[in-house]
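Chemist: Starting off with a structure, shown below.
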Amino acid sequence: MRSNSELRKDARATMSGNWLDGVVISLVSMLMMCLVASPQIVTAEGSVSGNVIYMLAYLFIGAPISYGLYFAFLKFCRGAELKVENLFGLFNSKYYIKSICLYLLTSIYTFLWSLLLVIPGIIKGLSYSMAPYILLDNPEITAEEAICRSMEMMRGHKMDLFLMGLGYAGLAILSCFMLCIPLLWLAPYYVTVITKFYEDLKAEQVREIPIQ
């Protein structure tokens with residue numbers, strides 16, 4: 001496994017010459033998330049109807065788009081062009097229902113672990129973090145199996161991802177003082193780093209399989 005600094009360096013090299021495409025896809029995804037949240041914004045603040053509509057909208061539209069961002073950058077890191085249309089790549093029969101199931105399961109499991117304490121919830125969230133990528137690489141498996149494989153893949157690597165996310169959170173907070181404009185560059189950069197992290201984990205897992 002490469003260190004976080006090496007992954008960040010590789011991500012910057014990969015994004016070189018592609019920052020405009022990264023900004024565009026980040027802007028489109030953010031706008032889509034704002035549209036998904038609009039029922040909650042338009043209705044009375046805190047109203048039951050607004051919350052229910054928002055949850056349904058996020059489940060059936062927002063979650064596939066969120067995972068679609070992983071889909072776009074996974075293809076990009078493997079040599080394809082960074083295209084906005086790949087953001088909507090999960091809206092088909094192969095991925096759509098399973099992406100919804102994956103979002104539901106990870107949300108429920110993380111919430112239940114968080115009832116114990118915040119830290120177990122964070123640990124489990126890190127354990128489940130590679131599940132979207134695993135599902136994208138293996139559309140034939142179930143959402144539950146993707147979660148199990150992610151837990152296995154993240155064994156011994158959760159702290160690496162936590163520190164990576166901590167650095168991103170710090171930069172994201174700073175961007176709030178600049179009208180969140182830097183997030184348009186920060187988001188594609190961070191997703192690229194996470195995608196590189198997954199690719200390293202996957203390669204490591206393959207190397208660890210004993211020869212029969």
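Naming works like this for the structure tokens: A, B, ... for the chains as they're shown, residue 1 at the start of each chain, ligands 1 onward in shown order.
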List as a VMD selection string the protein and nucleic acid residues near Leu186 of chain A, meaning an atom at most 10 Å away when only C-alpha atoms are counted, but skip any in the same chain fewer than 6 places from it.

Modeler: chain A and resid 22 to 23 26 168 171 to 172 175 180 192

Chemist: Can you pull out the residues contacting Tyr189 of chain A? Cut-off 8 Å, using only C-alpha atoms, and skip same-chain residues under 2 positions away; I want them as a PyMOL selection string.

Modeler: chain A and resi 11-12+15+22+185-187+191-193

Chemist: Using only C-alpha atoms, find the one residue out of A:Glu145, A:Asp21, A:Glu199, A:Asp160 that sits nearest to Leu102 of chain A.

Modeler: A:Glu145

Chemist: Apply DSSP to the structure's backbone, then extract all residues of chain A labelled alpha helix (DSSP H) and return them as a PyMOL selection string.

Modeler: chain A and resi 4-15+19-42+48-57+63-77+96-116+118-127+131-137+143-153+158-175+183-208

Chemist: Pick from A:Gly156, A:Thr106, A:Ser29, A:Thr14: nearest to Gly79 of chain A, with only C-alpha atoms counted?

Modeler: A:Thr14

Chemist: Fewer than 5 positions away in the same chain doesn't count, so skip those; otherwise give me all residues within 12 Å of Asn86 of chain A, counting only C-alpha atoms, as a list in words.

Modeler: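 The residues that qualify are Asp21, Ile25, Val28, Ser29, Pro64, Ile65, Ser66, Tyr67, Gly68, Leu69, Tyr70, Phe71, Ala72, Phe73, Leu74, Lys75, Phe76, Ala80, Glu81, Phe91 and Asn92 of chain A.
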
Chemist: Looking at only C-alpha atoms, which of A:Ile173, A:Ile97, A:Leu166, A:Ile108 is the one that sits closest to Ala143 of chain A?

Modeler: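 Result for the nearest residue to Ala143 of chain A: A:Ile97.
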
Chemist: Would you mind reading off the distance between atom CA of Lys158 of chain A and atom CA of Ser127 of chain A, one decimal, in Å?

Modeler: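 Separating atom CA of Lys158 of chain A from atom CA of Ser127 of chain A is a distance of 6.7 Å.
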
Chemist: Please indicate the distance in Å from atom CA of Ser3 of chain A to atom CA of Ala169 of chain A, rounded to one decimal place.

Modeler: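 Between atom CA of Ser3 of chain A and atom CA of Ala169 of chain A the gap works out to 18.6 Å.
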
Chemist: When distances are computed from only C-alpha atoms, which of A:Ser129, A:Thr195, A:Ser5, A:Ser99 shows the smallest separation from Arg155 of chain A?

Modeler: A:Ser129
